[in-house]
Amino acid sequence: MSTVVGVVGAGTFGIGLASAAQRVGNEVVLWSRGAGRALPNGHRATDDLRDLARADVILVAVPSAHVRELAARLGEHLDGGHLLVHVSRGLAGPGLTTLTEVLRSATPCRRVGALAGPLVAESLLRGDPGGAIVGTLFPEVAEAVRLAIAGPSLVIEHSTDVLGVELASALVGILTVAAGYAHGLGLGPSALAVLLTRGMREGAEFGARLGADLRTFAGLAGMADLVAAVANDGRPELSLGEALARGGSIHDAAKVAGAHIEGVTMARLLVDHARRSGVHLPFLSTLTQIFQGAVRPDDAVGALLGGVRS
Amino acid sequence: MLESLSEHPLRLPRLRPYTAPADAPRIFQFNEEREGIVQEVIDRIVDPAKLSDARLEPLLNDAAFHEVRRLDAQRDAEAAEALPGWRLLVRGIGRMSDSEKRRAMQSIVHHMAHDIAGNFDPRVYEFASKGAPKLLTGVLQPSRLPSTLLMGESSSVDSLVKVQGDVQRLRALERRGTLVYVPTHSSNLDSLVLAYALEQSGLAPVVYGAGKNLFTNPIISFFMHNLGAYRVDRRIRANVYKAVLKTYSSVMIERGFPSLFFPGGTRARSGMIERHLKLGLMGSAVTAFAENNVRGEARPVYIVPTTINYALVLEAETLIEDWLAESGKSRYIIVDDEFSRIDRWLAFFRKVASLHGTTIIRFGEPIDLFGNPLDEAGRSLSPSGRPIDPTSYVRTRGQATVDAARDEAYTRGLGDVLLRRYREDTVIMPTQLVAHLLFRRLVAMTPGVDLYGRLRMRGHARIPRDELARELVVARDALLDLQARGVVRVSPNLANDPPHELIYRSLSVWNGYHRRVGARDDGQYIVAEDPTLLLYYQNRLVPFAETIAPEPLKAAGREIGTLEAMR
């Protein structure tokens, strides 16, 4: 059964999704802000959001910061029958407002979800084997994503712990920057493992306090995604972290890595929210300070490993 | 005998067949449709397309297991009557053919549906709506009864229950679709208060699932049963019973009977605004909408978030003790509380009659099943104000469908919206604020002490009268500021009356009804005599405690705010 798949955003991830959808035999409606430019893989984009209305499922592949505004405009042309899934590894703020909440509040759509897990644009483009997970309360949304992009070697799982999937996703974004940073400092596998596990645990326990399921962090949305990142799947967050470790400012590092790095903003969002609720996140707070340049690379390792190193 | 009357309430004999007048509220037609409704419930559950042969035996086993266990524990007349049948079933299930099992299931569902189905007697309705208030006045002030009846004076009950909200809008909406009221739940008087408010506002009476424990006294049972209440036996755990209840409720809404659910599930023991919802029955509203659309009837269903706000709660003492009881000892069903004791009712109404505005029921802005606001014509609106078709929510690839998983997810979303709306539409009453100020002082005076330790400190916290009055004004201003921002509501009395009077009346409200002395005036100080009772009333303010606390008391306010995380 084929379906009409809408993709919002023609960045690398959007193109990857559009390619995957086409590969499994679906019709794709690809939207891009500037529809004129040439796109890889022969894709053509429309710049009219109305064209997305005939899609059954719509994948929103724009950076977190842009989701709200885009959703509000897109929502003008949608109704309760549309299935909306975002693929950003982030949160919207203020506080820890999730992107699925934004989709629900900015559009008439209620059947929404978040696509997360070890899926990277390049592997989607090439059709590499892999997996991902859809966080949604509606089984039909996960099923629609499967129909849209899954293939014999691309497995899409479903979790009803939407909050967990979105928090885990954001957390992995942060930790990937940290992984790049550690690599840039020349830290070996052992130190890297300790740091990332500490960060994952701290984030997961905080997520559980907010109502997420701890197990989600150990699954595709959390650990699997982090493993893929550390195994060097080419994420820009890795290069960002490395650039920071070499002493660059956050702005310089972002230029090196490419635009739209969520990880650093996410770290601050999490830490701020935790502080307001009276919760202390030692590891993530230290990371945030490092990202902001308040801690020099030389002192960073000591600060992060804190007391465990012999 | 009394127990039997409660279990099987009387139906008044009908001498002539009754047909409801054309413009009568929908509920007046219930009795005519009753058999049809029950049959539809049975057909839907036992339909082989919905209940496969393979599932018959597990479902029967589940029902038998739970019912035998329940009846064994009850050891009452019902057990004596029903147990033999269940035991026979257990012995015979293994040998039954599929059609025999289906017939057994049919018979079980038939019995359950009949047990649940209520009755609506317009004569009782007329009496209850016109006569009961006067009856209540008679109870309160017997000498006034003749004059009240003769001169048709508006009774003091009118001033007991104040209605807030856009009633006119609801009257318009109920002509276009089916209203489903979802109020907060603090007291077993809630359904009576709501029924009264509907009648006073010219809104149609509702059908609702009343817990069987409410039928503990024959008089109440009679009224409940004959006013559209259907009976929910919360002791029954069998899965098929839950299915029957949900289906019954769905069929009622499909047929356009305005309905009432308490999404909190049970009375809030702590006195706090609901924090978690049980969505089982409320989901039937979404199912009803889907079912109607599958049949091609796009009949709208409108949700009315409602808060019921009491200055004095009938069962406060039992409820708060239950909340504080060690975990595991807290009871889901309480049958022996103040609601079942006539002497407590009389004391309650006597006290409440001498006050104005003791109960405020607030009908919040109505929404559709998916949380969308509505326009005047009852159309659902998108976030940008564009009319949208709610049927789109139950369509998959253009076709309207019933999808249990989807509809359950919609219900969860609706629950989240309701939790927000309950807070915004809560009306803070004077007793709640006065209790909060006293409790907050206790907290401030006892840093490091846990809740239970504080509750033992009777008479420990005291505030000079004038200081309390000043604190009240500061807190009230903070609340009014929150009201202006749409965060919460403040009762007119609390907003306008002089602080000393508010304090005095709060004390006299508690001390004229509750058997525990909440607080007393020792001439110079207002003394927090019973922190437990104060805790119950002040718990309504938990979500706002930190915000309204002045700087020196911020820590205490924040600490009170953490109560929200308690079970």
# chains A, B, ... in the order shown; residues from 1 in each chain; ligands from 1
>>> residues_around(residues="stretch 4-11 of chain A", least_positions_apart="6", cutoff="9 Å", atoms="only C-alpha atoms", output="number ranges by chain")
A: 17-18, 21-22, 26-33, 39, 45, 49, 51-63, 70, 145, 148-149
>>> interface_residues(of="chain A", to="chain B", cutoff="8 Å", atoms="only C-alpha atoms", output="list of chain:residue names")
A:Asp56, A:Glu76, A:Asp79, A:Gly80, A:Gly81, A:Ser105, A:Ala106, A:Thr107, A:Pro108, A:Arg110, A:Leu137, A:Phe138, A:Pro139, A:Glu140
>>> residues_around(residues="B:Arg87", least_positions_apart="2", cutoff="10 Å", atoms="only C-alpha atoms", output="VMD selection string")
chain B and resid 64 to 65 67 to 68 82 to 85 89 to 92
>>> residues_around(residues="stretch 278-291 of chain A", least_positions_apart="4", cutoff="8 Å", atoms="only C-alpha atoms", output="ChimeraX atom specification")
/A:178,198-199,202-203,244,250,264,267-268,271,274,295-297,300,303-304
>>> residues_around(residues="B:Asn213", least_positions_apart="6", cutoff="9 Å", atoms="only C-alpha atoms", output="list in words")
Val232, Asp233, Arg234, Ile333, Ile334 and Val335 of chain B
>>> write_last_selection(atoms="N, CA, C and O atoms", output="short mmCIF file (atom, residue, chain, number, x, y, z; two decimals), in the first residue's frame")
data_model
loop_
_atom_site.label_atom_id
_atom_site.label_comp_id
_atom_site.auth_asym_id
_atom_site.auth_seq_id
_atom_site.Cartn_x
_atom_site.Cartn_y
_atom_site.Cartn_z
N VAL B 232 -23.21 2.25 38.97
CA VAL B 232 -21.89 1.70 38.72
C VAL B 232 -21.45 0.96 39.97
O VAL B 232 -21.36 1.55 41.03
N ASP B 233 -21.19 -0.32 39.83
CA ASP B 233 -20.73 -1.07 41.00
C ASP B 233 -19.21 -1.17 40.92
O ASP B 233 -18.66 -1.94 40.16
N ARG B 234 -18.55 -0.33 41.73
CA ARG B 234 -17.09 -0.25 41.63
C ARG B 234 -16.40 -1.47 42.20
O ARG B 234 -15.20 -1.63 42.06
N ILE B 333 -13.32 3.04 47.93
CA ILE B 333 -14.76 3.25 48.12
C ILE B 333 -14.99 3.43 49.62
O ILE B 333 -14.65 2.56 50.41
N ILE B 334 -15.55 4.55 50.00
CA ILE B 334 -15.87 4.77 51.41
C ILE B 334 -17.38 4.80 51.52
O ILE B 334 -18.04 5.62 50.90
N VAL B 335 -17.93 3.91 52.30
CA VAL B 335 -19.39 3.88 52.36
C VAL B 335 -19.95 4.44 53.65
O VAL B 335 -21.12 4.76 53.73
#
>>> select_by_dssp(residues="stretch 13-129 of chain A", states="helix (DSSP H, G or I)", output="number ranges by chain")
A: 13-23, 40-42, 49-54, 64-75, 99-106, 121-126
>>> closest_residue(among="A:Ala116, A:Ala35, A:Met223, A:Leu103", to="A:Ala142", atoms="only C-alpha atoms")
A:Ala116
>>> residues_around(residues="A:Gly173", least_positions_apart="5", cutoff="9 Å", atoms="only C-alpha atoms", output="list of chain:residue names")
A:Arg89, A:Gly90, A:Ala168, A:Ala178, A:Leu226, A:Glu237, A:Ile261, A:Glu262, A:Gly263, A:Val264, A:Met266, A:Ala267
>>> atom_distance(atom1="atom CA of B:Thr178", atom2="atom CA of B:Arg299")
7.6 Å
>>> select_by_dssp(residues="stretch 357-466 of chain B", states="strand (DSSP E or B)", output="list in words")
Thr359, Ile360, Ile361, Arg362, Phe363, Ile367, Asp368, Pro373, Leu374, Ser380, Leu381, Pro387, Ile388, Arg395, Thr396, Gln399, Ala400, Val427, Ile428, Arg462, Ile463 and Pro464 of chain B
>>> write_last_selection(atoms="C-alpha atoms", output="mmCIF file, in the first residue's frame")
data_model
loop_
_atom_site.group_PDB
_atom_site.id
_atom_site.type_symbol
_atom_site.label_atom_id
_atom_site.label_comp_id
_atom_site.auth_asym_id
_atom_site.auth_seq_id
_atom_site.Cartn_x
_atom_site.Cartn_y
_atom_site.Cartn_z
ATOM 1 C CA THR B 359 -21.005 26.677 46.948
ATOM 2 C CA ILE B 360 -19.996 27.957 43.565
ATOM 3 C CA ILE B 361 -20.332 25.806 40.495
ATOM 4 C CA ARG B 362 -18.448 27.179 37.551
ATOM 5 C CA PHE B 363 -19.137 26.032 34.010
ATOM 6 C CA ILE B 367 -14.590 22.597 24.048
ATOM 7 C CA ASP B 368 -14.827 19.762 21.581
ATOM 8 C CA PRO B 373 -12.491 25.909 21.325
ATOM 9 C CA LEU B 374 -15.913 26.459 19.756
ATOM 10 C CA SER B 380 -14.758 23.549 16.320
ATOM 11 C CA LEU B 381 -12.033 26.129 15.785
ATOM 12 C CA PRO B 387 -13.617 26.500 11.667
ATOM 13 C CA ILE B 388 -12.619 22.858 11.285
ATOM 14 C CA ARG B 395 -11.291 9.635 9.735
ATOM 15 C CA THR B 396 -8.530 7.426 8.420
ATOM 16 C CA GLN B 399 -13.272 7.093 6.094
ATOM 17 C CA ALA B 400 -14.822 7.525 9.525
ATOM 18 C CA VAL B 427 -12.778 29.330 42.390
ATOM 19 C CA ILE B 428 -10.894 29.985 45.596
ATOM 20 C CA ARG B 462 -1.122 31.403 66.014
ATOM 21 C CA ILE B 463 -1.402 34.757 64.297
ATOM 22 C CA PRO B 464 -2.645 38.007 65.855
#
>>> closest_residue(among="B:Tyr181, B:Tyr302, B:Phe439, B:Tyr452", to="B:Phe261", atoms="only C-alpha atoms")
B:Tyr181
>>> residues_around(residues="B:Lys351", least_positions_apart="4", cutoff="7 Å", atoms="only C-alpha atoms", output="number ranges by chain")
B: 347, 509, 512-513
>>> decode(residues="stretch 76-121 of chain B", atoms="N, CA and C atoms", output="PDB file, in the first residue's frame")
ATOM      1  N   ASP B  76     -23.448 -11.722  51.260  1.00  0.00           N
ATOM      2  CA  ASP B  76     -24.724 -11.082  51.545  1.00  0.00           C
ATOM      3  C   ASP B  76     -25.816 -11.691  50.674  1.00  0.00           C
ATOM      4  N   ALA B  77     -26.954 -11.029  50.636  1.00  0.00           N
ATOM      5  CA  ALA B  77     -28.090 -11.572  49.885  1.00  0.00           C
ATOM      6  C   ALA B  77     -27.741 -11.711  48.410  1.00  0.00           C
ATOM      7  N   GLU B  78     -27.003 -10.724  47.897  1.00  0.00           N
ATOM      8  CA  GLU B  78     -26.630 -10.792  46.480  1.00  0.00           C
ATOM      9  C   GLU B  78     -25.780 -12.026  46.216  1.00  0.00           C
ATOM     10  N   ALA B  79     -24.845 -12.285  47.140  1.00  0.00           N
ATOM     11  CA  ALA B  79     -23.971 -13.454  46.990  1.00  0.00           C
ATOM     12  C   ALA B  79     -24.789 -14.740  46.980  1.00  0.00           C
ATOM     13  N   ALA B  80     -25.705 -14.838  47.936  1.00  0.00           N
ATOM     14  CA  ALA B  80     -26.516 -16.058  48.035  1.00  0.00           C
ATOM     15  C   ALA B  80     -27.258 -16.306  46.729  1.00  0.00           C
ATOM     16  N   GLU B  81     -27.723 -15.205  46.121  1.00  0.00           N
ATOM     17  CA  GLU B  81     -28.514 -15.349  44.911  1.00  0.00           C
ATOM     18  C   GLU B  81     -27.661 -15.666  43.698  1.00  0.00           C
ATOM     19  N   ALA B  82     -26.476 -15.034  43.618  1.00  0.00           N
ATOM     20  CA  ALA B  82     -25.699 -15.091  42.372  1.00  0.00           C
ATOM     21  C   ALA B  82     -24.634 -16.178  42.325  1.00  0.00           C
ATOM     22  N   LEU B  83     -24.091 -16.529  43.494  1.00  0.00           N
ATOM     23  CA  LEU B  83     -22.968 -17.470  43.506  1.00  0.00           C
ATOM     24  C   LEU B  83     -23.251 -18.812  42.839  1.00  0.00           C
ATOM     25  N   PRO B  84     -24.400 -19.418  43.125  1.00  0.00           N
ATOM     26  CA  PRO B  84     -24.636 -20.730  42.509  1.00  0.00           C
ATOM     27  C   PRO B  84     -24.486 -20.701  40.982  1.00  0.00           C
ATOM     28  N   GLY B  85     -25.035 -19.653  40.374  1.00  0.00           N
ATOM     29  CA  GLY B  85     -24.960 -19.541  38.911  1.00  0.00           C
ATOM     30  C   GLY B  85     -23.531 -19.466  38.420  1.00  0.00           C
ATOM     31  N   TRP B  86     -22.725 -18.665  39.115  1.00  0.00           N
ATOM     32  CA  TRP B  86     -21.332 -18.519  38.703  1.00  0.00           C
ATOM     33  C   TRP B  86     -20.557 -19.818  38.869  1.00  0.00           C
ATOM     34  N   ARG B  87     -20.827 -20.504  39.990  1.00  0.00           N
ATOM     35  CA  ARG B  87     -20.096 -21.754  40.229  1.00  0.00           C
ATOM     36  C   ARG B  87     -20.457 -22.785  39.168  1.00  0.00           C
ATOM     37  N   LEU B  88     -21.744 -22.758  38.774  1.00  0.00           N
ATOM     38  CA  LEU B  88     -22.194 -23.669  37.725  1.00  0.00           C
ATOM     39  C   LEU B  88     -21.445 -23.382  36.427  1.00  0.00           C
ATOM     40  N   LEU B  89     -21.286 -22.095  36.154  1.00  0.00           N
ATOM     41  CA  LEU B  89     -20.593 -21.693  34.933  1.00  0.00           C
ATOM     42  C   LEU B  89     -19.152 -22.179  34.954  1.00  0.00           C
ATOM     43  N   VAL B  90     -18.498 -21.958  36.086  1.00  0.00           N
ATOM     44  CA  VAL B  90     -17.090 -22.362  36.205  1.00  0.00           C
ATOM     45  C   VAL B  90     -16.933 -23.848  35.919  1.00  0.00           C
ATOM     46  N   ARG B  91     -17.860 -24.644  36.481  1.00  0.00           N
ATOM     47  CA  ARG B  91     -17.750 -26.086  36.283  1.00  0.00           C
ATOM     48  C   ARG B  91     -18.017 -26.479  34.842  1.00  0.00           C
ATOM     49  N   GLY B  92     -18.881 -25.695  34.180  1.00  0.00           N
ATOM     50  CA  GLY B  92     -19.314 -26.124  32.859  1.00  0.00           C
ATOM     51  C   GLY B  92     -18.566 -25.545  31.673  1.00  0.00           C
ATOM     52  N   ILE B  93     -17.798 -24.489  31.915  1.00  0.00           N
ATOM     53  CA  ILE B  93     -17.171 -23.778  30.787  1.00  0.00           C
ATOM     54  C   ILE B  93     -16.396 -24.705  29.859  1.00  0.00           C
ATOM     55  N   GLY B  94     -15.606 -25.577  30.462  1.00  0.00           N
ATOM     56  CA  GLY B  94     -14.748 -26.443  29.654  1.00  0.00           C
ATOM     57  C   GLY B  94     -15.514 -27.291  28.647  1.00  0.00           C
ATOM     58  N   ARG B  95     -16.780 -27.590  28.978  1.00  0.00           N
ATOM     59  CA  ARG B  95     -17.533 -28.497  28.100  1.00  0.00           C
ATOM     60  C   ARG B  95     -18.418 -27.749  27.119  1.00  0.00           C
ATOM     61  N   MET B  96     -18.481 -26.417  27.248  1.00  0.00           N
ATOM     62  CA  MET B  96     -19.433 -25.679  26.420  1.00  0.00           C
ATOM     63  C   MET B  96     -18.952 -25.491  24.997  1.00  0.00           C
ATOM     64  N   SER B  97     -19.915 -25.516  24.076  1.00  0.00           N
ATOM     65  CA  SER B  97     -19.592 -25.202  22.685  1.00  0.00           C
ATOM     66  C   SER B  97     -19.496 -23.690  22.552  1.00  0.00           C
ATOM     67  N   ASP B  98     -18.990 -23.227  21.400  1.00  0.00           N
ATOM     68  CA  ASP B  98     -18.853 -21.788  21.202  1.00  0.00           C
ATOM     69  C   ASP B  98     -20.203 -21.081  21.279  1.00  0.00           C
ATOM     70  N   SER B  99     -21.233 -21.702  20.737  1.00  0.00           N
ATOM     71  CA  SER B  99     -22.517 -20.993  20.763  1.00  0.00           C
ATOM     72  C   SER B  99     -23.080 -20.972  22.183  1.00  0.00           C
ATOM     73  N   GLU B 100     -22.796 -22.016  22.954  1.00  0.00           N
ATOM     74  CA  GLU B 100     -23.252 -22.001  24.348  1.00  0.00           C
ATOM     75  C   GLU B 100     -22.517 -20.917  25.131  1.00  0.00           C
ATOM     76  N   LYS B 101     -21.230 -20.800  24.843  1.00  0.00           N
ATOM     77  CA  LYS B 101     -20.459 -19.762  25.542  1.00  0.00           C
ATOM     78  C   LYS B 101     -20.982 -18.381  25.182  1.00  0.00           C
ATOM     79  N   ARG B 102     -21.296 -18.217  23.901  1.00  0.00           N
ATOM     80  CA  ARG B 102     -21.788 -16.908  23.485  1.00  0.00           C
ATOM     81  C   ARG B 102     -23.119 -16.603  24.159  1.00  0.00           C
ATOM     82  N   ARG B 103     -23.954 -17.642  24.310  1.00  0.00           N
ATOM     83  CA  ARG B 103     -25.229 -17.424  24.984  1.00  0.00           C
ATOM     84  C   ARG B 103     -24.998 -17.089  26.452  1.00  0.00           C
ATOM     85  N   ALA B 104     -24.030 -17.754  27.066  1.00  0.00           N
ATOM     86  CA  ALA B 104     -23.721 -17.461  28.471  1.00  0.00           C
ATOM     87  C   ALA B 104     -23.261 -16.013  28.600  1.00  0.00           C
ATOM     88  N   MET B 105     -22.423 -15.589  27.663  1.00  0.00           N
ATOM     89  CA  MET B 105     -21.923 -14.218  27.693  1.00  0.00           C
ATOM     90  C   MET B 105     -23.071 -13.239  27.534  1.00  0.00           C
ATOM     91  N   GLN B 106     -23.957 -13.579  26.614  1.00  0.00           N
ATOM     92  CA  GLN B 106     -25.117 -12.734  26.375  1.00  0.00           C
ATOM     93  C   GLN B 106     -25.923 -12.571  27.658  1.00  0.00           C
ATOM     94  N   SER B 107     -26.112 -13.671  28.341  1.00  0.00           N
ATOM     95  CA  SER B 107     -26.912 -13.628  29.553  1.00  0.00           C
ATOM     96  C   SER B 107     -26.231 -12.789  30.634  1.00  0.00           C
ATOM     97  N   ILE B 108     -24.909 -12.928  30.733  1.00  0.00           N
ATOM     98  CA  ILE B 108     -24.165 -12.135  31.719  1.00  0.00           C
ATOM     99  C   ILE B 108     -24.268 -10.654  31.379  1.00  0.00           C
ATOM    100  N   VAL B 109     -24.061 -10.324  30.119  1.00  0.00           N
ATOM    101  CA  VAL B 109     -24.112  -8.923  29.696  1.00  0.00           C
ATOM    102  C   VAL B 109     -25.516  -8.360  29.906  1.00  0.00           C
ATOM    103  N   HIS B 110     -26.505  -9.180  29.615  1.00  0.00           N
ATOM    104  CA  HIS B 110     -27.899  -8.768  29.801  1.00  0.00           C
ATOM    105  C   HIS B 110     -28.143  -8.399  31.268  1.00  0.00           C
ATOM    106  N   HIS B 111     -27.692  -9.286  32.142  1.00  0.00           N
ATOM    107  CA  HIS B 111     -27.886  -9.040  33.560  1.00  0.00           C
ATOM    108  C   HIS B 111     -27.172  -7.777  34.023  1.00  0.00           C
ATOM    109  N   MET B 112     -25.924  -7.636  33.573  1.00  0.00           N
ATOM    110  CA  MET B 112     -25.137  -6.466  33.984  1.00  0.00           C
ATOM    111  C   MET B 112     -25.750  -5.175  33.446  1.00  0.00           C
ATOM    112  N   ALA B 113     -26.164  -5.223  32.182  1.00  0.00           N
ATOM    113  CA  ALA B 113     -26.708  -4.007  31.573  1.00  0.00           C
ATOM    114  C   ALA B 113     -27.986  -3.572  32.293  1.00  0.00           C
ATOM    115  N   HIS B 114     -28.798  -4.542  32.658  1.00  0.00           N
ATOM    116  CA  HIS B 114     -30.023  -4.197  33.376  1.00  0.00           C
ATOM    117  C   HIS B 114     -29.721  -3.647  34.759  1.00  0.00           C
ATOM    118  N   ASP B 115     -28.702  -4.224  35.383  1.00  0.00           N
ATOM    119  CA  ASP B 115     -28.328  -3.751  36.712  1.00  0.00           C
ATOM    120  C   ASP B 115     -27.848  -2.301  36.651  1.00  0.00           C
ATOM    121  N   ILE B 116     -27.172  -1.990  35.558  1.00  0.00           N
ATOM    122  CA  ILE B 116     -26.629  -0.658  35.419  1.00  0.00           C
ATOM    123  C   ILE B 116     -27.704   0.362  35.049  1.00  0.00           C
ATOM    124  N   ALA B 117     -28.564  -0.038  34.143  1.00  0.00           N
ATOM    125  CA  ALA B 117     -29.497   0.924  33.549  1.00  0.00           C
ATOM    126  C   ALA B 117     -30.370   1.585  34.593  1.00  0.00           C
ATOM    127  N   GLY B 118     -30.488   2.850  34.484  1.00  0.00           N
ATOM    128  CA  GLY B 118     -31.273   3.594  35.451  1.00  0.00           C
ATOM    129  C   GLY B 118     -32.730   3.677  35.054  1.00  0.00           C
ATOM    130  N   ASN B 119     -33.329   4.695  35.538  1.00  0.00           N
ATOM    131  CA  ASN B 119     -34.742   4.931  35.322  1.00  0.00           C
ATOM    132  C   ASN B 119     -34.915   6.433  35.404  1.00  0.00           C
ATOM    133  N   PHE B 120     -35.814   6.966  34.666  1.00  0.00           N
ATOM    134  CA  PHE B 120     -36.047   8.389  34.838  1.00  0.00           C
ATOM    135  C   PHE B 120     -37.534   8.618  34.993  1.00  0.00           C
ATOM    136  N   ASP B 121     -37.901   9.143  36.099  1.00  0.00           N
ATOM    137  CA  ASP B 121     -39.317   9.368  36.350  1.00  0.00           C
ATOM    138  C   ASP B 121     -39.592  10.868  36.412  1.00  0.00           C
TER     139      ASP B 121
END
